>>> print(open('final_3.txt').read())   # compact mmCIF, C-alpha atoms
# COMPACT_ATOMS: atom_id res chain seq x y z
CA ARG A 1 -7.68 13.17 8.38
CA ARG A 2 -5.66 15.89 6.68
CA LEU A 3 -3.58 13.33 4.84
CA GLY A 4 -6.75 11.63 3.60
CA ALA A 5 -8.01 14.92 2.18
CA ILE A 6 -4.65 15.65 0.55
CA THR A 7 -4.60 12.17 -0.98
CA ALA A 8 -8.09 12.63 -2.42
CA ARG A 9 -7.03 15.90 -4.02
CA MET A 10 -3.97 14.22 -5.55
CA HIS A 11 -6.18 11.45 -6.92
CA GLN A 12 -8.60 13.98 -8.37
CA HIS A 13 -5.69 15.70 -10.09
CA SER A 14 -4.46 12.35 -11.43
CA ARG A 15 -7.85 11.65 -12.97
CA THR A 16 -8.10 15.00 -14.73
CA TRP A 17 -4.44 15.64 -15.64
CA ARG A 18 -3.77 15.18 -19.32
CA ARG A 19 -0.48 13.32 -19.42
CA PRO A 20 1.96 14.05 -22.24
CA ASP A 21 2.25 11.29 -24.83
CA SER A 22 5.83 10.69 -23.74
CA PHE A 23 4.90 10.24 -20.07
CA GLU A 24 5.93 6.89 -18.63
CA ARG A 25 5.79 5.49 -15.12
CA PHE A 26 5.98 1.98 -13.72
CA SER A 27 3.08 0.05 -12.24
CA TRP A 28 2.37 -1.20 -8.74
CA ASP A 29 0.02 -3.99 -9.78
CA PHE A 30 0.14 -7.37 -8.07
CA ASP A 31 3.01 -8.73 -10.16
CA ALA A 32 5.19 -5.67 -9.53
CA ALA A 33 4.42 -5.76 -5.81
CA LEU A 34 4.37 -9.43 -4.85
CA GLY A 35 5.16 -11.36 -8.01
CA GLU A 36 8.44 -12.94 -9.01
CA GLU A 37 9.63 -9.62 -10.46
CA SER A 38 8.72 -7.55 -7.41
CA ARG A 39 10.24 -4.08 -7.45
CA TRP A 40 11.26 -4.31 -3.78
CA GLY A 41 12.35 -7.93 -3.67
CA ARG A 42 10.53 -11.14 -2.85
CA TRP A 43 8.51 -11.52 0.33
CA GLN A 44 9.79 -15.10 0.40
CA ASP A 45 13.22 -13.64 1.18
CA GLY A 46 11.99 -11.54 4.10
CA LEU A 47 13.83 -11.75 7.40
CA GLY A 48 12.73 -14.78 9.42
CA VAL A 49 10.49 -16.24 6.71
CA ASN A 50 10.49 -20.00 7.32
CA GLY A 51 8.39 -22.96 6.19
CA ALA A 52 5.28 -22.11 8.21
CA LYS A 53 5.41 -18.47 7.17
CA LEU A 54 6.03 -19.38 3.54
CA ASP A 55 2.77 -21.29 3.58
CA LEU A 56 0.79 -18.64 5.47
CA PHE A 57 2.15 -15.69 3.50
CA GLY A 58 1.78 -17.63 0.26
CA ARG A 59 -1.91 -18.31 0.91
CA THR A 60 -2.36 -14.65 1.81
CA ALA A 61 -0.64 -13.48 -1.37
CA GLU A 62 -2.80 -15.78 -3.48
CA LEU A 63 -5.98 -14.48 -1.87
CA ILE A 64 -4.80 -10.91 -2.46
CA ARG A 65 -4.19 -11.73 -6.12
CA GLU A 66 -7.63 -13.31 -6.50
CA ARG A 67 -9.42 -10.39 -4.88
CA LEU A 68 -7.55 -7.81 -6.95
CA VAL A 69 -8.43 -9.62 -10.16
CA CYS A 70 -12.10 -9.32 -9.16
CA TYR A 71 -11.67 -5.72 -8.00
CA GLY A 72 -10.22 -4.76 -11.37
CA LYS A 73 -8.34 -1.79 -12.74
CA ASP A 74 -11.11 0.51 -13.87
CA PRO A 75 -9.92 4.14 -14.23
CA ASP A 76 -11.94 5.18 -11.17
CA ARG A 77 -9.96 2.67 -9.08
CA PHE A 78 -6.54 2.45 -10.71
CA GLY A 79 -4.35 5.31 -11.90
CA LEU A 80 -1.35 7.47 -11.15
CA ALA A 81 -0.85 7.63 -7.37
CA HIS A 82 1.87 8.48 -4.87
CA CYS A 83 2.18 4.87 -3.63
CA ASP A 84 4.38 5.63 -0.60
CA LEU A 85 2.54 8.03 1.73
CA ARG A 86 4.28 6.87 4.90
CA LEU A 87 5.19 9.36 7.63
CA ASP A 88 8.77 9.82 6.44
CA ASN A 89 7.40 11.25 3.19
CA LEU A 90 5.43 14.02 4.87
CA LEU A 91 6.64 17.42 6.00
CA LEU A 92 4.79 19.37 8.68
CA SER A 93 5.10 23.14 8.60
CA GLY A 94 2.87 25.65 10.33
CA GLY A 95 0.06 23.14 10.63
CA GLU A 96 0.28 22.21 6.95
CA VAL A 97 1.12 18.77 5.59
CA LYS A 98 3.35 18.64 2.53
CA VAL A 99 3.92 15.45 0.54
CA ILE A 100 7.43 14.70 -0.70
CA ASP A 101 9.38 11.83 -2.31
CA PHE A 102 7.61 10.81 -5.49
CA ASP A 103 10.24 8.18 -6.34
CA ASP A 104 7.68 5.39 -6.05
CA CYS A 105 4.85 7.31 -7.71
CA GLY A 106 3.34 5.03 -10.32
CA PHE A 107 0.17 3.46 -11.62
CA GLY A 108 -1.65 1.63 -8.88
CA TRP A 109 -4.93 1.28 -7.05
CA TYR A 110 -5.97 4.56 -5.46
CA MET A 111 -6.96 2.88 -2.20
CA TYR A 112 -3.46 1.44 -1.96
CA ASP A 113 -2.47 4.95 -0.83
CA ALA A 114 -4.61 4.38 2.27
CA ALA A 115 -2.50 1.34 3.08
CA THR A 116 0.79 3.18 2.53
CA ALA A 117 -0.24 5.75 5.14
CA LEU A 118 -0.22 2.90 7.69
CA SER A 119 3.22 1.63 6.70
CA PHE A 120 5.03 -0.07 9.60
CA TYR A 121 1.99 0.49 11.85
CA GLU A 122 -0.51 -1.96 10.33
CA HIS A 123 -0.20 -4.35 13.26
CA LEU A 124 -0.78 -1.77 16.00
CA PRO A 125 -4.16 -1.48 17.79
CA GLN A 126 -4.64 2.14 16.64
CA ALA A 127 -4.33 1.25 12.94
CA ALA A 128 -8.10 0.88 12.49
CA SER A 129 -8.76 4.28 14.06
CA LEU A 130 -6.06 5.91 11.92
CA LEU A 131 -7.61 4.41 8.81
CA ASP A 132 -11.09 5.63 9.81
CA GLN A 133 -9.74 9.16 10.18
CA TRP A 134 -7.95 8.92 6.81
CA LEU A 135 -11.19 7.80 5.17
CA GLU A 136 -13.10 10.64 6.82
CA GLY A 137 -10.69 13.17 5.35
CA TYR A 138 -10.63 11.46 1.97
CA GLY A 139 -14.40 11.16 1.78
CA GLY A 140 -14.80 14.86 2.48
CA VAL A 141 -13.12 15.55 -0.86
CA ARG A 142 -13.97 12.52 -2.97
CA PRO A 143 -16.63 9.91 -2.21
CA VAL A 144 -15.33 6.44 -1.39
CA SER A 145 -17.46 3.68 -2.86
CA ARG A 146 -18.46 0.67 -0.79
CA ALA A 147 -16.31 -1.56 -3.00
CA GLU A 148 -13.28 0.66 -2.44
CA ALA A 149 -13.75 0.73 1.33
CA GLU A 150 -14.27 -3.02 1.50
CA GLU A 151 -11.03 -3.72 -0.36
CA ILE A 152 -8.76 -1.57 1.82
CA PRO A 153 -7.83 -4.58 4.02
CA THR A 154 -6.51 -6.24 0.85
CA PHE A 155 -4.33 -3.22 0.11
CA VAL A 156 -3.11 -3.18 3.71
CA MET A 157 -2.00 -6.81 3.35
CA LEU A 158 -0.48 -6.13 -0.07
CA ARG A 159 1.56 -3.33 1.44
CA ARG A 160 2.49 -5.39 4.49
CA LEU A 161 3.91 -8.27 2.45
CA LEU A 162 5.61 -5.78 0.16
CA LEU A 163 7.33 -4.27 3.21
CA VAL A 164 8.36 -7.72 4.44
CA ALA A 165 10.09 -8.03 1.06
CA TRP A 166 11.59 -4.54 1.36
CA VAL A 167 13.02 -5.20 4.81
CA GLY A 168 14.60 -8.40 3.52
CA SER A 169 16.10 -6.80 0.42
CA HIS A 170 17.31 -3.69 2.31
CA ALA A 171 18.64 -5.46 5.41
CA GLU A 172 21.68 -3.15 5.48
CA THR A 173 19.60 0.00 6.08
CA ASN A 174 18.93 1.45 9.52
CA LEU A 175 15.16 1.19 9.03
CA ALA A 176 15.30 -2.48 8.03
CA ARG A 177 17.61 -3.25 10.96
CA SER A 178 15.20 -1.52 13.34
CA MET A 179 12.27 -3.57 12.00
CA GLY A 180 14.16 -6.87 11.79
CA VAL A 181 12.61 -10.29 12.17
CA SER A 182 9.97 -8.91 14.55
CA TYR A 183 8.25 -7.14 11.65
CA THR A 184 7.87 -10.48 9.89
CA GLU A 185 6.62 -12.11 13.11
CA GLN A 186 4.04 -9.35 13.60
CA THR A 187 2.76 -10.04 10.09
CA VAL A 188 1.64 -13.55 11.00
CA PRO A 189 -1.54 -12.61 12.94
CA LEU A 190 -2.42 -10.04 10.26
CA CYS A 191 -2.29 -12.74 7.58
CA SER A 192 -4.31 -15.13 9.74
CA ALA A 193 -7.00 -12.49 10.36
CA TYR A 194 -7.15 -11.60 6.67
CA LEU A 195 -7.57 -15.25 5.66
CA ARG A 196 -10.31 -15.74 8.26
CA ARG A 197 -12.14 -12.67 7.01
CA PHE A 198 -11.93 -13.22 3.27
CA GLY A 199 -10.68 -16.77 2.71
>>> encode(input="final_3.txt", output="structure tokens")
Amino acid sequence: RRLGAITARMHQHSRTWRRPDSFERFSWDFDAALGEESRWGRWQDGLGVNGAKLDLFGRTAELIRERLVCYGKDPDRFGLAHCDLRLDNLLLSGGEVKVIDFDDCGFGWYMYDAATALSFYEHLPQAASLLDQWLEGYGGVRPVSRAEAEEIPTFVMLRRLLLVAWVGSHAETNLARSMGVSYTEQTVPLCSAYLRRFG
């Protein structure tokens, strides 16, 4: 809930901040996330991705792309955001939450930040409750439109496939080793549920 409120304040700042003419930052649109030039590697090269998963994940990625084209990049939906609000990028001190690590800050969909808060936990039963609490905190600062709320599952799947790619391209790291093939396996029912819901 607190992180949702903090995220909404960051997004408000992003909308009103007058960026210098020389300001440049990369994008986290579909192509940069799941396209052939993905910033974190290709999901096709994720650990344990085989023929069946290539098909399932591929259909999921295509549906994500289609929905994001319809969702659009209007300034009220797409702008400068943190884009990596996972637990490791938060500091807790005296009851306060501080956001760190802006390495991946770039231009993306604001509701993608909701998905990043669930990083590595999207498949757990409590994910829906965590997201509800995040939205409660966010909505207390900035209203969330129905269209934004309805598209959050798409951003969750975008993030999940992006992390499958990250684990595959960073297999030497402790975090990737701890996630391993099981993270890819746990992505299968998420893709199936997403396709049933929106396909």
>>> atom_distance(input="final_3.txt", atom1="atom CA of Phe78 of chain A", atom2="atom CA of Met111 of chain A")
8.5 Å
>>> closest_residue(input="final_3.txt", among="A:Ala127, A:Leu162, A:Val188, A:Ala176", to="Trp43 of chain A", atoms="all atoms listed in the file")
A:Leu162
>>> residues_around(input="final_3.txt", residues="Leu118 of chain A", least_positions_apart="4", cutoff="8 Å", atoms="only C-alpha atoms", output="JSON, numbers by chain")
{"A": [86, 114, 122, 127, 130, 131, 156]}
>>> residues_around(input="final_3.txt", residues="segment 92-95 of chain A", least_positions_apart="5", cutoff="12 Å", atoms="only C-alpha atoms", output="VMD selection string")
chain A and resid 2 to 3 87 100
>>> closest_residue(input="final_3.txt", among="A:Phe30, A:Met10, A:Asp76, A:Trp17", to="Ser145 of chain A", atoms="all atoms listed in the file")
A:Asp76
>>> atom_distance(input="final_3.txt", atom1="atom CA of Tyr121 of chain A", atom2="atom CA of Ser182 of chain A")
12.6 Å
>>> atom_distance(input="final_3.txt", atom1="atom CA of Leu56 of chain A", atom2="atom CA of Glu37 of chain A")
20.3 Å
>>> closest_residue(input="final_3.txt", among="A:Gly51, A:Pro75, A:Gly168, A:Pro125", to="Phe107 of chain A", atoms="only C-alpha atoms")
A:Pro75
>>> residues_around(input="final_3.txt", residues="segment 194-196 of chain A", least_positions_apart="4", cutoff="9 Å", atoms="all atoms listed in the file", output="list in words")
Arg59, Thr60, Leu63, Pro153, Thr154, Met157, Pro189 and Leu190 of chain A
>>> closest_residue(input="final_3.txt", among="A:Arg1, A:Arg146, A:Arg67, A:Arg159", to="Gln133 of chain A", atoms="only C-alpha atoms")
A:Arg1
>>> residues_near_point(input="final_3.txt", point="(-3.7, 12.5, -3.2)", cutoff="12 Å", atoms="all atoms listed in the file", output="ChimeraX atom specification")
/A:2-15,79-85,97-100,102,105,109-114,116-117,134,137-139,141-142
>>> residues_around(input="final_3.txt", residues="Asp29 of chain A", least_positions_apart="3", cutoff="9 Å", atoms="only C-alpha atoms", output="ChimeraX atom specification")
/A:32-34,68,107-109
>>> closest_residue(input="final_3.txt", among="A:Tyr183, A:Arg25, A:Ala165, A:Ala149", to="His123 of chain A", atoms="only C-alpha atoms")
A:Tyr183
>>> axis_aligned_box(input="final_3.txt", around="segment 159-173 of chain A", padding_each_side="6 Å", output="JSON")
{"center_x": 11.6, "center_y": -4.2, "center_z": 3.1, "size_x": 32.1, "size_y": 20.4, "size_z": 17.9}
>>> closest_residue(input="final_3.txt", among="A:Ile64, A:Ala147, A:Ala115, A:Leu90", to="Asp132 of chain A", atoms="only C-alpha atoms")
A:Ala115
>>> residues_around(input="final_3.txt", residues="Gly180 of chain A", least_positions_apart="2", cutoff="12 Å", atoms="all atoms listed in the file", output="PyMOL selection string")
chain A and resi 46-49+120+163-178+182-187
>>> write_last_selection(input="final_3.txt", atoms="C-alpha atoms", output="tab-separated table (two decimals), keeping the file's coordinate frame")
chain	number	residue	atom	x	y	z
A	46	GLY	CA	11.99	-11.54	4.10
A	47	LEU	CA	13.83	-11.75	7.40
A	48	GLY	CA	12.73	-14.78	9.42
A	49	VAL	CA	10.49	-16.24	6.71
A	120	PHE	CA	5.03	-0.07	9.60
A	163	LEU	CA	7.33	-4.27	3.21
A	164	VAL	CA	8.36	-7.72	4.44
A	165	ALA	CA	10.09	-8.03	1.06
A	166	TRP	CA	11.59	-4.54	1.36
A	167	VAL	CA	13.02	-5.20	4.81
A	168	GLY	CA	14.60	-8.40	3.52
A	169	SER	CA	16.10	-6.80	0.42
A	170	HIS	CA	17.31	-3.69	2.31
A	171	ALA	CA	18.64	-5.46	5.41
A	172	GLU	CA	21.68	-3.15	5.48
A	173	THR	CA	19.60	0.00	6.08
A	174	ASN	CA	18.93	1.45	9.52
A	175	LEU	CA	15.16	1.19	9.03
A	176	ALA	CA	15.30	-2.48	8.03
A	177	ARG	CA	17.61	-3.25	10.96
A	178	SER	CA	15.20	-1.52	13.34
A	182	SER	CA	9.97	-8.91	14.55
A	183	TYR	CA	8.25	-7.14	11.65
A	184	THR	CA	7.87	-10.48	9.89
A	185	GLU	CA	6.62	-12.11	13.11
A	186	GLN	CA	4.04	-9.35	13.60
A	187	THR	CA	2.76	-10.04	10.09
>>> build_atoms(input="final_3.txt", residues="segment 171-187 of chain A", atoms="N, CA, C and O atoms", output="PDB file, keeping the file's coordinate frame")
ATOM      1  N   ALA A 171      18.248  -5.106   4.038  1.00  0.00           N
ATOM      2  CA  ALA A 171      18.640  -5.460   5.410  1.00  0.00           C
ATOM      3  C   ALA A 171      19.784  -4.605   5.938  1.00  0.00           C
ATOM      4  O   ALA A 171      19.977  -4.518   7.157  1.00  0.00           O
ATOM      5  N   GLU A 172      20.536  -3.959   5.046  1.00  0.00           N
ATOM      6  CA  GLU A 172      21.680  -3.150   5.480  1.00  0.00           C
ATOM      7  C   GLU A 172      21.279  -1.762   5.956  1.00  0.00           C
ATOM      8  O   GLU A 172      22.086  -1.048   6.564  1.00  0.00           O
ATOM      9  N   THR A 173      20.024  -1.345   5.717  1.00  0.00           N
ATOM     10  CA  THR A 173      19.600   0.000   6.080  1.00  0.00           C
ATOM     11  C   THR A 173      19.218   0.067   7.559  1.00  0.00           C
ATOM     12  O   THR A 173      18.848  -0.942   8.175  1.00  0.00           O
ATOM     13  N   ASN A 174      19.294   1.265   8.109  1.00  0.00           N
ATOM     14  CA  ASN A 174      18.930   1.450   9.520  1.00  0.00           C
ATOM     15  C   ASN A 174      17.470   1.095   9.769  1.00  0.00           C
ATOM     16  O   ASN A 174      17.137   0.481  10.790  1.00  0.00           O
ATOM     17  N   LEU A 175      16.580   1.479   8.841  1.00  0.00           N
ATOM     18  CA  LEU A 175      15.160   1.190   9.030  1.00  0.00           C
ATOM     19  C   LEU A 175      14.911  -0.311   9.039  1.00  0.00           C
ATOM     20  O   LEU A 175      14.207  -0.826   9.920  1.00  0.00           O
ATOM     21  N   ALA A 176      15.495  -1.018   8.084  1.00  0.00           N
ATOM     22  CA  ALA A 176      15.300  -2.480   8.030  1.00  0.00           C
ATOM     23  C   ALA A 176      15.866  -3.135   9.284  1.00  0.00           C
ATOM     24  O   ALA A 176      15.255  -4.062   9.838  1.00  0.00           O
ATOM     25  N   ARG A 177      17.032  -2.677   9.744  1.00  0.00           N
ATOM     26  CA  ARG A 177      17.610  -3.250  10.960  1.00  0.00           C
ATOM     27  C   ARG A 177      16.715  -2.993  12.166  1.00  0.00           C
ATOM     28  O   ARG A 177      16.595  -3.843  13.049  1.00  0.00           O
ATOM     29  N   SER A 178      16.078  -1.833  12.200  1.00  0.00           N
ATOM     30  CA  SER A 178      15.200  -1.520  13.340  1.00  0.00           C
ATOM     31  C   SER A 178      13.922  -2.363  13.307  1.00  0.00           C
ATOM     32  O   SER A 178      13.350  -2.661  14.353  1.00  0.00           O
ATOM     33  N   MET A 179      13.468  -2.746  12.116  1.00  0.00           N
ATOM     34  CA  MET A 179      12.270  -3.570  12.000  1.00  0.00           C
ATOM     35  C   MET A 179      12.614  -5.038  12.257  1.00  0.00           C
ATOM     36  O   MET A 179      11.951  -5.710  13.039  1.00  0.00           O
ATOM     37  N   GLY A 180      13.651  -5.527  11.573  1.00  0.00           N
ATOM     38  CA  GLY A 180      14.160  -6.870  11.790  1.00  0.00           C
ATOM     39  C   GLY A 180      13.143  -7.988  11.626  1.00  0.00           C
ATOM     40  O   GLY A 180      12.098  -7.834  10.988  1.00  0.00           O
ATOM     41  N   VAL A 181      13.463  -9.111  12.241  1.00  0.00           N
ATOM     42  CA  VAL A 181      12.610 -10.290  12.170  1.00  0.00           C
ATOM     43  C   VAL A 181      11.259 -10.034  12.839  1.00  0.00           C
ATOM     44  O   VAL A 181      10.236 -10.621  12.451  1.00  0.00           O
ATOM     45  N   SER A 182      11.228  -9.150  13.824  1.00  0.00           N
ATOM     46  CA  SER A 182       9.970  -8.910  14.550  1.00  0.00           C
ATOM     47  C   SER A 182       8.878  -8.398  13.623  1.00  0.00           C
ATOM     48  O   SER A 182       7.697  -8.706  13.810  1.00  0.00           O
ATOM     49  N   TYR A 183       9.256  -7.639  12.594  1.00  0.00           N
ATOM     50  CA  TYR A 183       8.250  -7.140  11.650  1.00  0.00           C
ATOM     51  C   TYR A 183       7.599  -8.313  10.910  1.00  0.00           C
ATOM     52  O   TYR A 183       6.385  -8.329  10.699  1.00  0.00           O
ATOM     53  N   THR A 184       8.405  -9.289  10.545  1.00  0.00           N
ATOM     54  CA  THR A 184       7.870 -10.480   9.890  1.00  0.00           C
ATOM     55  C   THR A 184       6.974 -11.247  10.865  1.00  0.00           C
ATOM     56  O   THR A 184       5.875 -11.702  10.487  1.00  0.00           O
ATOM     57  N   GLU A 185       7.420 -11.391  12.107  1.00  0.00           N
ATOM     58  CA  GLU A 185       6.620 -12.110  13.110  1.00  0.00           C
ATOM     59  C   GLU A 185       5.272 -11.420  13.325  1.00  0.00           C
ATOM     60  O   GLU A 185       4.238 -12.081  13.463  1.00  0.00           O
ATOM     61  N   GLN A 186       5.282 -10.098  13.372  1.00  0.00           N
ATOM     62  CA  GLN A 186       4.040  -9.350  13.600  1.00  0.00           C
ATOM     63  C   GLN A 186       3.091  -9.422  12.406  1.00  0.00           C
ATOM     64  O   GLN A 186       1.910  -9.084  12.529  1.00  0.00           O
ATOM     65  N   THR A 187       3.594  -9.889  11.276  1.00  0.00           N
ATOM     66  CA  THR A 187       2.760 -10.040  10.090  1.00  0.00           C
ATOM     67  C   THR A 187       1.911 -11.298  10.146  1.00  0.00           C
ATOM     68  O   THR A 187       0.864 -11.379   9.507  1.00  0.00           O
TER      69      THR A 187
END
